[in-house]
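Quick look at protein-v6.cif (mmCIF, C-alpha atoms):
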data_structure
#
loop_
_atom_site.group_PDB
_atom_site.id
_atom_site.type_symbol
_atom_site.label_atom_id
_atom_site.label_comp_id
_atom_site.auth_asym_id
_atom_site.auth_seq_id
_atom_site.Cartn_x
_atom_site.Cartn_y
_atom_site.Cartn_z
ATOM 1 C CA PRO A 1 89.443 120.206 62.163
ATOM 2 C CA SER A 2 86.805 117.548 62.778
ATOM 3 C CA GLU A 3 89.498 115.037 63.778
ATOM 4 C CA GLU A 4 91.048 117.516 66.193
ATOM 5 C CA LYS A 5 87.616 118.233 67.651
ATOM 6 C CA SER A 6 87.028 114.513 68.135
ATOM 7 C CA LEU A 7 90.395 114.059 69.884
ATOM 8 C CA LEU A 8 89.700 117.030 72.134
ATOM 9 C CA LYS A 9 86.300 115.632 73.061
ATOM 10 C CA SER A 10 87.845 112.243 73.841
ATOM 11 C CA PHE A 11 90.411 113.961 76.071
ATOM 12 C CA PHE A 12 87.745 115.878 78.011
ATOM 13 C CA ASP A 13 85.558 112.763 78.305
ATOM 14 C CA ALA A 14 88.515 110.794 79.683
ATOM 15 C CA ASN A 15 89.117 113.450 82.346
ATOM 16 C CA LYS A 16 85.445 113.535 83.222
ATOM 17 C CA MET A 17 85.461 109.743 83.662
ATOM 18 C CA VAL A 18 88.447 110.059 86.009
ATOM 19 C CA VAL A 19 86.534 112.601 88.126
ATOM 20 C CA ALA A 20 83.418 110.408 88.077
ATOM 21 C CA GLY A 21 85.417 107.365 89.157
ATOM 22 C CA GLY A 22 87.098 109.191 92.028
ATOM 23 C CA THR A 23 83.803 110.577 93.326
ATOM 24 C CA ALA A 24 82.154 107.167 93.146
ATOM 25 C CA GLY A 25 85.022 105.490 94.978
ATOM 26 C CA ALA A 26 85.198 108.074 97.764
ATOM 27 C CA LEU A 27 81.467 107.910 98.466
ATOM 28 C CA ALA A 28 81.321 104.115 98.411
ATOM 29 C CA ARG A 29 84.399 103.570 100.593
ATOM 30 C CA THR A 30 83.448 106.090 103.271
ATOM 31 C CA ALA A 31 80.042 104.451 103.637
ATOM 32 C CA SER A 32 81.628 101.032 104.167
ATOM 33 C CA ALA A 33 84.755 102.080 106.162
ATOM 34 C CA PRO A 34 83.653 100.565 109.528
ATOM 35 C CA LEU A 35 83.207 97.098 108.041
ATOM 36 C CA ASP A 36 86.461 97.429 106.150
ATOM 37 C CA ARG A 37 88.412 98.088 109.330
ATOM 38 C CA ILE A 38 86.816 95.102 111.063
ATOM 39 C CA LYS A 39 87.678 92.902 108.090
ATOM 40 C CA LEU A 40 91.328 94.022 108.255
ATOM 41 C CA LEU A 41 91.549 93.248 111.980
ATOM 42 C CA PHE A 42 90.197 89.721 111.416
ATOM 43 C CA GLN A 43 92.652 89.094 108.582
ATOM 44 C CA VAL A 44 95.876 90.090 110.352
ATOM 45 C CA GLN A 45 95.306 89.557 114.106
ATOM 46 C CA ALA A 46 97.225 86.253 113.915
ATOM 47 C CA VAL A 47 100.365 88.125 112.813
ATOM 48 C CA LYS A 48 102.638 88.959 115.782
ATOM 49 C CA SER A 49 103.254 92.554 114.668
ATOM 50 C CA SER A 50 99.520 93.358 114.672
ATOM 51 C CA GLY A 51 99.734 94.323 118.354
ATOM 52 C CA VAL A 52 96.897 92.004 119.450
ATOM 53 C CA SER A 53 96.487 88.290 120.115
ATOM 54 C CA ALA A 54 95.025 85.894 117.555
ATOM 55 C CA THR A 55 91.813 85.615 119.588
ATOM 56 C CA THR A 56 91.226 89.307 120.379
ATOM 57 C CA TYR A 57 88.459 89.662 117.806
ATOM 58 C CA THR A 58 86.075 86.710 117.781
ATOM 59 C CA GLY A 59 82.984 87.869 115.922
ATOM 60 C CA LEU A 60 81.336 90.760 114.113
ATOM 61 C CA GLY A 61 79.223 91.985 117.040
ATOM 62 C CA GLN A 62 82.006 91.498 119.587
ATOM 63 C CA THR A 63 84.453 93.464 117.421
ATOM 64 C CA PHE A 64 81.985 96.317 116.922
ATOM 65 C CA ARG A 65 81.476 96.569 120.682
ATOM 66 C CA LYS A 66 85.186 96.291 121.504
ATOM 67 C CA ILE A 67 86.235 99.028 119.067
ATOM 68 C CA TYR A 68 83.412 101.337 120.180
ATOM 69 C CA LEU A 69 84.076 100.897 123.926
ATOM 70 C CA GLU A 70 87.882 101.039 123.761
ATOM 71 C CA GLU A 71 88.493 103.517 120.934
ATOM 72 C CA GLY A 72 85.246 105.426 120.372
ATOM 73 C CA LEU A 73 82.898 105.913 117.433
ATOM 74 C CA LEU A 74 85.386 107.669 115.151
ATOM 75 C CA ALA A 75 87.740 104.680 115.448
ATOM 76 C CA PHE A 76 85.601 102.876 112.860
ATOM 77 C CA TRP A 77 86.921 105.405 110.335
ATOM 78 C CA LYS A 78 90.519 105.100 111.558
ATOM 79 C CA GLY A 79 92.794 105.262 108.547
ATOM 80 C CA ASN A 80 89.936 106.374 106.297
ATOM 81 C CA GLY A 81 91.715 109.628 105.451
ATOM 82 C CA THR A 82 94.620 107.622 104.068
ATOM 83 C CA ASN A 83 92.121 105.289 102.489
ATOM 84 C CA LEU A 84 90.464 108.138 100.630
ATOM 85 C CA ILE A 85 93.847 109.421 99.447
ATOM 86 C CA ARG A 86 94.309 105.938 97.987
ATOM 87 C CA ILE A 87 90.764 105.187 96.861
ATOM 88 C CA VAL A 88 90.194 108.373 94.860
ATOM 89 C CA PRO A 89 93.086 107.719 92.438
ATOM 90 C CA TYR A 90 92.407 103.960 92.611
ATOM 91 C CA SER A 91 88.738 104.232 91.740
ATOM 92 C CA SER A 92 89.446 106.927 89.159
ATOM 93 C CA ALA A 93 92.044 104.750 87.469
ATOM 94 C CA GLN A 94 90.092 101.497 87.700
ATOM 95 C CA LEU A 95 86.682 102.653 86.496
ATOM 96 C CA SER A 96 87.954 104.932 83.739
ATOM 97 C CA ALA A 97 90.609 102.385 82.675
ATOM 98 C CA ASN A 98 87.952 99.686 82.370
ATOM 99 C CA ASP A 99 85.971 101.877 79.970
ATOM 100 C CA PHE A 100 89.184 102.750 78.116
ATOM 101 C CA TYR A 101 90.361 99.140 77.721
ATOM 102 C CA LYS A 102 86.910 98.027 76.597
ATOM 103 C CA ARG A 103 86.860 100.704 73.907
ATOM 104 C CA GLN A 104 90.298 99.590 72.706
ATOM 105 C CA LEU A 105 89.413 95.889 72.645
ATOM 106 C CA ALA A 106 85.951 96.235 71.096
ATOM 107 C CA SER A 107 85.165 95.500 67.458
ATOM 108 C CA PRO A 108 84.478 98.452 65.109
ATOM 109 C CA SER A 109 80.774 98.018 65.858
ATOM 110 C CA GLY A 110 81.432 98.278 69.617
ATOM 111 C CA ASP A 111 80.790 94.616 70.445
ATOM 112 C CA LEU A 112 82.768 92.783 73.123
ATOM 113 C CA THR A 113 83.196 89.084 73.838
ATOM 114 C CA VAL A 114 83.147 87.727 77.389
ATOM 115 C CA ASN A 115 86.917 87.167 77.240
ATOM 116 C CA GLN A 116 87.502 90.756 76.137
ATOM 117 C CA ARG A 117 85.405 92.041 79.035
ATOM 118 C CA LEU A 118 87.400 89.868 81.443
ATOM 119 C CA ILE A 119 90.724 91.093 80.017
ATOM 120 C CA ALA A 120 89.634 94.745 80.215
ATOM 121 C CA GLY A 121 88.553 94.322 83.842
ATOM 122 C CA ALA A 122 91.782 92.544 84.825
ATOM 123 C CA LEU A 123 93.955 95.219 83.185
ATOM 124 C CA ALA A 124 91.950 97.987 84.827
ATOM 125 C CA GLY A 125 92.337 96.384 88.254
ATOM 126 C CA MET A 126 96.094 95.871 87.890
ATOM 127 C CA THR A 127 96.634 99.389 86.547
ATOM 128 C CA ALA A 128 94.896 100.965 89.539
ATOM 129 C CA THR A 129 96.547 98.629 92.060
ATOM 130 C CA ALA A 130 100.098 99.217 90.867
ATOM 131 C CA ILE A 131 99.589 102.985 91.215
ATOM 132 C CA THR A 132 98.137 102.943 94.739
ATOM 133 C CA HIS A 133 99.731 99.927 96.507
ATOM 134 C CA PRO A 134 102.065 102.002 98.771
ATOM 135 C CA LEU A 135 99.079 103.939 100.142
ATOM 136 C CA ASP A 136 97.239 100.678 100.771
ATOM 137 C CA THR A 137 100.153 99.404 102.868
ATOM 138 C CA VAL A 138 100.152 102.603 104.950
ATOM 139 C CA ARG A 139 96.374 102.354 105.415
ATOM 140 C CA LEU A 140 96.694 98.812 106.773
ATOM 141 C CA ARG A 141 99.410 99.793 109.254
ATOM 142 C CA LEU A 142 97.318 102.750 110.493
ATOM 143 C CA ALA A 143 94.282 100.502 111.010
ATOM 144 C CA MET A 144 96.124 98.430 113.640
ATOM 145 C CA PRO A 145 95.071 99.296 117.234
ATOM 146 C CA ASN A 146 98.657 99.783 118.518
ATOM 147 C CA SER A 147 100.310 101.020 115.351
ATOM 148 C CA GLY A 148 102.258 103.849 117.026
ATOM 149 C CA PHE A 149 101.765 106.066 113.995
ATOM 150 C CA THR A 150 100.277 109.549 114.305
ATOM 151 C CA GLY A 151 99.158 109.970 110.699
ATOM 152 C CA PRO A 152 99.648 108.825 107.099
ATOM 153 C CA THR A 153 102.652 111.063 106.348
ATOM 154 C CA GLN A 154 104.492 110.052 109.522
ATOM 155 C CA ALA A 155 103.614 106.383 108.946
ATOM 156 C CA PHE A 156 104.891 106.471 105.367
ATOM 157 C CA ALA A 157 108.156 108.184 106.389
ATOM 158 C CA THR A 158 108.697 105.780 109.308
ATOM 159 C CA ILE A 159 108.130 102.665 107.203
ATOM 160 C CA ILE A 160 110.569 103.921 104.533
ATOM 161 C CA ARG A 161 113.198 104.874 107.138
ATOM 162 C CA THR A 162 113.027 101.743 109.287
ATOM 163 C CA GLU A 163 112.165 99.045 106.748
ATOM 164 C CA GLY A 164 113.460 100.426 103.464
ATOM 165 C CA PRO A 165 111.777 101.848 100.326
ATOM 166 C CA MET A 166 110.498 98.482 99.116
ATOM 167 C CA ALA A 167 108.564 97.872 102.360
ATOM 168 C CA VAL A 168 105.583 99.818 101.008
ATOM 169 C CA MET A 169 105.472 97.460 98.023
ATOM 170 C CA LYS A 170 105.266 94.292 100.127
ATOM 171 C CA GLY A 171 102.483 91.991 99.026
ATOM 172 C CA LEU A 172 102.241 93.449 95.508
ATOM 173 C CA PRO A 173 102.544 90.103 93.613
ATOM 174 C CA PRO A 174 99.645 88.430 95.483
ATOM 175 C CA THR A 175 97.758 91.733 95.291
ATOM 176 C CA LEU A 176 98.011 91.787 91.503
ATOM 177 C CA ALA A 177 97.189 88.085 91.377
ATOM 178 C CA GLY A 178 94.143 88.703 93.552
ATOM 179 C CA VAL A 179 92.869 91.930 92.017
ATOM 180 C CA ALA A 180 93.141 90.774 88.398
ATOM 181 C CA PRO A 181 90.561 87.968 88.691
ATOM 182 C CA TYR A 182 88.423 90.029 91.095
ATOM 183 C CA ALA A 183 88.246 93.063 88.803
ATOM 184 C CA ALA A 184 87.804 90.838 85.748
ATOM 185 C CA VAL A 185 84.892 88.919 87.259
ATOM 186 C CA ASN A 186 83.315 91.985 88.881
ATOM 187 C CA PHE A 187 83.308 94.195 85.772
ATOM 188 C CA ALA A 188 82.448 91.443 83.304
ATOM 189 C CA CYS A 189 79.620 90.025 85.441
ATOM 190 C CA TYR A 190 78.171 93.497 86.016
ATOM 191 C CA ASP A 191 78.109 94.208 82.272
ATOM 192 C CA LEU A 192 76.713 90.785 81.376
ATOM 193 C CA ALA A 193 74.088 90.911 84.130
ATOM 194 C CA LYS A 194 72.894 94.318 82.897
ATOM 195 C CA THR A 195 72.774 92.986 79.339
ATOM 196 C CA THR A 196 70.656 90.048 80.494
ATOM 197 C CA VAL A 197 68.310 92.081 82.694
ATOM 198 C CA TYR A 198 67.746 94.961 80.283
ATOM 199 C CA GLY A 199 68.202 93.041 77.036
ATOM 200 C CA ARG A 200 66.840 89.534 77.293
ATOM 201 C CA LEU A 201 64.439 90.145 80.182
ATOM 202 C CA GLN A 202 63.507 93.560 78.759
ATOM 203 C CA MET A 203 63.244 95.228 82.159
ATOM 204 C CA GLU A 204 63.070 99.021 82.321
ATOM 205 C CA PRO A 205 66.497 100.505 83.225
ATOM 206 C CA HIS A 206 66.555 101.842 86.794
ATOM 207 C CA TRP A 207 69.306 102.795 89.226
ATOM 208 C CA MET A 208 67.822 100.534 91.928
ATOM 209 C CA THR A 209 68.139 97.549 89.614
ATOM 210 C CA ASN A 210 71.748 98.538 88.937
ATOM 211 C CA MET A 211 72.321 98.645 92.708
ATOM 212 C CA ALA A 212 71.064 95.081 93.048
ATOM 213 C CA ILE A 213 73.206 93.906 90.126
ATOM 214 C CA GLY A 214 76.285 95.612 91.577
ATOM 215 C CA ALA A 215 75.683 93.998 94.966
ATOM 216 C CA GLY A 216 75.362 90.496 93.537
ATOM 217 C CA THR A 217 78.328 90.661 91.169
ATOM 218 C CA GLY A 218 80.555 92.300 93.782
ATOM 219 C CA LEU A 219 79.760 89.644 96.383
ATOM 220 C CA PHE A 220 80.433 86.827 93.932
ATOM 221 C CA ALA A 221 83.744 88.307 92.768
ATOM 222 C CA ALA A 222 84.948 89.170 96.283
ATOM 223 C CA SER A 223 84.143 85.719 97.689
ATOM 224 C CA THR A 224 85.963 83.992 94.842
ATOM 225 C CA CYS A 225 89.154 86.013 95.324
ATOM 226 C CA TYR A 226 89.105 86.497 99.117
ATOM 227 C CA PRO A 227 91.890 83.986 100.035
ATOM 228 C CA LEU A 228 94.470 85.895 97.979
ATOM 229 C CA ASP A 229 93.373 89.129 99.642
ATOM 230 C CA THR A 230 94.070 87.617 103.069
ATOM 231 C CA VAL A 231 97.552 86.529 101.949
ATOM 232 C CA ARG A 232 98.185 90.042 100.646
ATOM 233 C CA ARG A 233 97.249 91.582 104.003
ATOM 234 C CA ARG A 234 99.516 89.187 105.898
ATOM 235 C CA MET A 235 102.439 90.042 103.610
ATOM 236 C CA GLN A 236 101.943 93.782 104.155
ATOM 237 C CA MET A 237 102.495 93.446 107.916
ATOM 238 C CA PRO A 238 105.946 94.261 109.376
ATOM 239 C CA GLY A 239 108.275 91.507 110.569
ATOM 240 C CA THR A 240 109.693 88.316 109.071
ATOM 241 C CA MET A 241 106.951 85.838 109.900
ATOM 242 C CA TYR A 242 106.746 84.666 106.270
ATOM 243 C CA ALA A 243 109.566 84.213 103.757
ATOM 244 C CA GLY A 244 107.276 85.010 100.843
ATOM 245 C CA SER A 245 103.758 84.680 99.484
ATOM 246 C CA LEU A 246 104.001 80.921 98.926
ATOM 247 C CA ASP A 247 105.407 80.421 102.436
ATOM 248 C CA CYS A 248 102.508 82.482 103.796
ATOM 249 C CA ILE A 249 99.972 80.300 101.978
ATOM 250 C CA TRP A 250 101.658 77.077 103.164
ATOM 251 C CA THR A 251 101.992 78.265 106.786
ATOM 252 C CA MET A 252 98.375 79.404 106.957
ATOM 253 C CA ALA A 253 97.091 76.171 105.439
ATOM 254 C CA THR A 254 99.143 73.880 107.694
ATOM 255 C CA LYS A 255 99.059 75.804 110.988
ATOM 256 C CA GLU A 256 95.711 77.599 110.891
ATOM 257 C CA GLY A 257 93.710 75.486 108.455
ATOM 258 C CA PRO A 258 91.843 76.335 105.243
ATOM 259 C CA ARG A 259 89.289 78.486 107.079
ATOM 260 C CA SER A 260 92.042 80.994 107.962
ATOM 261 C CA PHE A 261 92.005 82.211 104.356
ATOM 262 C CA PHE A 262 88.400 83.374 104.870
ATOM 263 C CA LYS A 263 88.886 85.209 108.175
ATOM 264 C CA GLY A 264 86.918 88.441 108.014
ATOM 265 C CA TRP A 265 84.813 87.204 105.083
ATOM 266 C CA LEU A 266 81.478 88.171 106.692
ATOM 267 C CA PRO A 267 82.300 91.854 107.345
ATOM 268 C CA ASN A 268 83.923 91.955 103.916
ATOM 269 C CA ALA A 269 80.779 90.533 102.310
ATOM 270 C CA LEU A 270 78.608 93.038 104.196
ATOM 271 C CA LYS A 271 80.972 95.799 103.052
ATOM 272 C CA VAL A 272 81.152 94.760 99.389
ATOM 273 C CA VAL A 273 77.381 94.676 98.861
ATOM 274 C CA PRO A 274 76.730 98.401 99.470
ATOM 275 C CA GLN A 275 80.180 99.495 98.304
ATOM 276 C CA ASN A 276 80.035 97.888 94.882
ATOM 277 C CA SER A 277 76.445 99.042 94.377
ATOM 278 C CA ILE A 278 77.159 102.650 95.330
ATOM 279 C CA ARG A 279 80.369 102.751 93.285
ATOM 280 C CA PHE A 280 78.883 101.511 90.013
ATOM 281 C CA VAL A 281 75.691 103.552 90.238
ATOM 282 C CA THR A 282 77.460 106.751 91.347
ATOM 283 C CA TYR A 283 79.955 106.371 88.506
ATOM 284 C CA GLU A 284 77.172 106.059 85.947
ATOM 285 C CA ILE A 285 75.238 109.010 87.415
ATOM 286 C CA MET A 286 78.371 111.182 87.546
ATOM 287 C CA LYS A 287 79.229 110.418 83.916
ATOM 288 C CA THR A 288 75.729 111.515 82.911
ATOM 289 C CA LEU A 289 75.909 114.700 85.020
ATOM 290 C CA LEU A 290 79.342 115.580 83.602
ATOM 291 C CA GLY A 291 78.117 115.071 80.060
ATOM 292 C CA VAL A 292 80.260 112.086 79.068
ATOM 293 C CA GLU A 293 79.028 110.689 75.764
ATOM 294 C CA LYS A 294 77.926 107.120 76.408
ATOM 295 C CA GLN A 295 79.375 104.492 74.097
ATOM 296 C CA LYS A 296 78.199 100.945 73.471
ATOM 297 C CA THR A 297 81.106 99.483 75.457
ATOM 298 C CA ASP A 298 80.734 101.685 78.566
ATOM 299 C CA THR A 299 79.673 100.338 81.943
#

As structure tokens - that is how I would like this structure written.
Amino acid sequence: PSEEKSLLKSFFDANKMVVAGGTAGALARTASAPLDRIKLLFQVQAVKSSGVSATTYTGLGQTFRKIYLEEGLLAFWKGNGTNLIRIVPYSSAQLSANDFYKRQLASPSGDLTVNQRLIAGALAGMTATAITHPLDTVRLRLAMPNSGFTGPTQAFATIIRTEGPMAVMKGLPPTLAGVAPYAAVNFACYDLAKTTVYGRLQMEPHWMTNMAIGAGTGLFAASTCYPLDTVRRRMQMPGTMYAGSLDCIWTMATKEGPRSFFKGWLPNALKVVPQNSIRFVTYEIMKTLLGVEKQKTDT
């Protein structure tokens, strides 16, 4: 009976963590949606099928003004409905999977090495990405100014009909290659930074401190992995401009220069800081409110 009770509790805790992760992701992404759209426009404007020229968007302020004047205030959240459909399962899977993998990899006493934290984060990132990649492709297409799509369902159906079922999976290899190190570094650094701040420095735990830690670790992880994210976005665009991921990398490097891999980095950096902070802190608060029993390995 006690074993069955323990299994039942673990099951309910797992479901609560999924709910906590989805709530955290939705709140964080909606708050940063305007900067996310600007980042996407910077990344793919050089692709012919984007519907704009390679010099349409020249800077953060100019892009803000252009979108507001030509499309209106709500245009900053264009595609956010699709984004939320993707981010809720993505964040649910990633955050809860990270806790799950850490519990599985930990020693009987609940201790984790740095490598184990990195592995858990990478697996969590890839698990969530594989599940939600089709929705991410649809979100990108909807974010384009002249997409021609009326909504996520119509966009999904049109892409499948005109480009084939595998079109929504375009860019998955570089996505997995990019998200694995990003998630690994982000989760591991967040855990280790908290351990340092609250353990070695003996600071009093506070959600504001966690916000600062989440901002710093998210910015570091995102900047490190940003080039692969740009390649992923290029590969998700329609057309045959690139033969594959390696061809995309080579073409960008030779024709546009190394800086092309970091197009949109500034709005992305400004987006990641609040997004990562809100996501981690909301997840922790939600787990507490839902009554999830905290374990030594948990974020």

Hey, what comes out of the PyMOL selection byres ((chain A and resi 195-197) around 12) on this file? Could you write it as a list of chain:residue names? A:Leu112, A:Val114, A:Ala188, A:Cys189, A:Tyr190, A:Asp191, A:Leu192, A:Ala193, A:Lys194, A:Tyr198, A:Gly199, A:Arg200, A:Leu201, A:Gln202, A:Met203, A:Glu204, A:Pro205, A:His206, A:Thr209, A:Asn210, A:Ala212, A:Ile213, A:Lys296, A:Thr297, A:Asp298, A:Thr299

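The space separating atom CA of Tyr182 of chain A from atom CA of Leu142 of chain A comes to 24.8 Å.
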
Find the spatial neighbours of Trp77 of chain A, counting all atoms listed in the file, within a cut-off of 7 Å - ignore same-chain residues fewer than 3 positions away - and output them as a PyMOL selection string. chain A and resi 33-34+74+80

Write the residues of the preceding selection, restricted to C-alpha atoms, as a PDB file, in the coordinates of the input.
ATOM      1  CA  ALA A  33      84.755 102.080 106.162  1.00  0.00           C
ATOM      2  CA  PRO A  34      83.653 100.565 109.528  1.00  0.00           C
ATOM      3  CA  LEU A  74      85.386 107.669 115.151  1.00  0.00           C
ATOM      4  CA  ASN A  80      89.936 106.374 106.297  1.00  0.00           C
TER       5      ASN A  80
END

Apply the PyMOL selection byres ((chain A and resi 282) around 9) to the structure shown and report the selected residues as an MDAnalysis selection string. chainID A and resid 20:21 23:25 27:28 277:281 283:287

Pull out every residue that the PyMOL selection byres ((chain A and resi 125) around 12) matches in the shown coordinates and put them as an NGL selection string. :A and (90-99 or 101 or 118-124 or 126-133 or 175-187)

Residues near Lys263 of chain A, anyone? I mean within 12 Å using only C-alpha atoms, not counting same-chain ones fewer than 5 positions away, as an MDAnalysis selection string. chainID A and resid 38:46 54:55 57:60 223 226:231 233:234 252 256:258 268:269

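Note that the spacing between atom CA of Leu84 of chain A and atom CA of Phe64 of chain A amounts to 21.8 Å.
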
When you draw a straight line from atom CA of Ala243 of chain A to atom CA of Ala155 of chain A, how long is it in Å?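 These atoms are spaced 23.5 Å apart.
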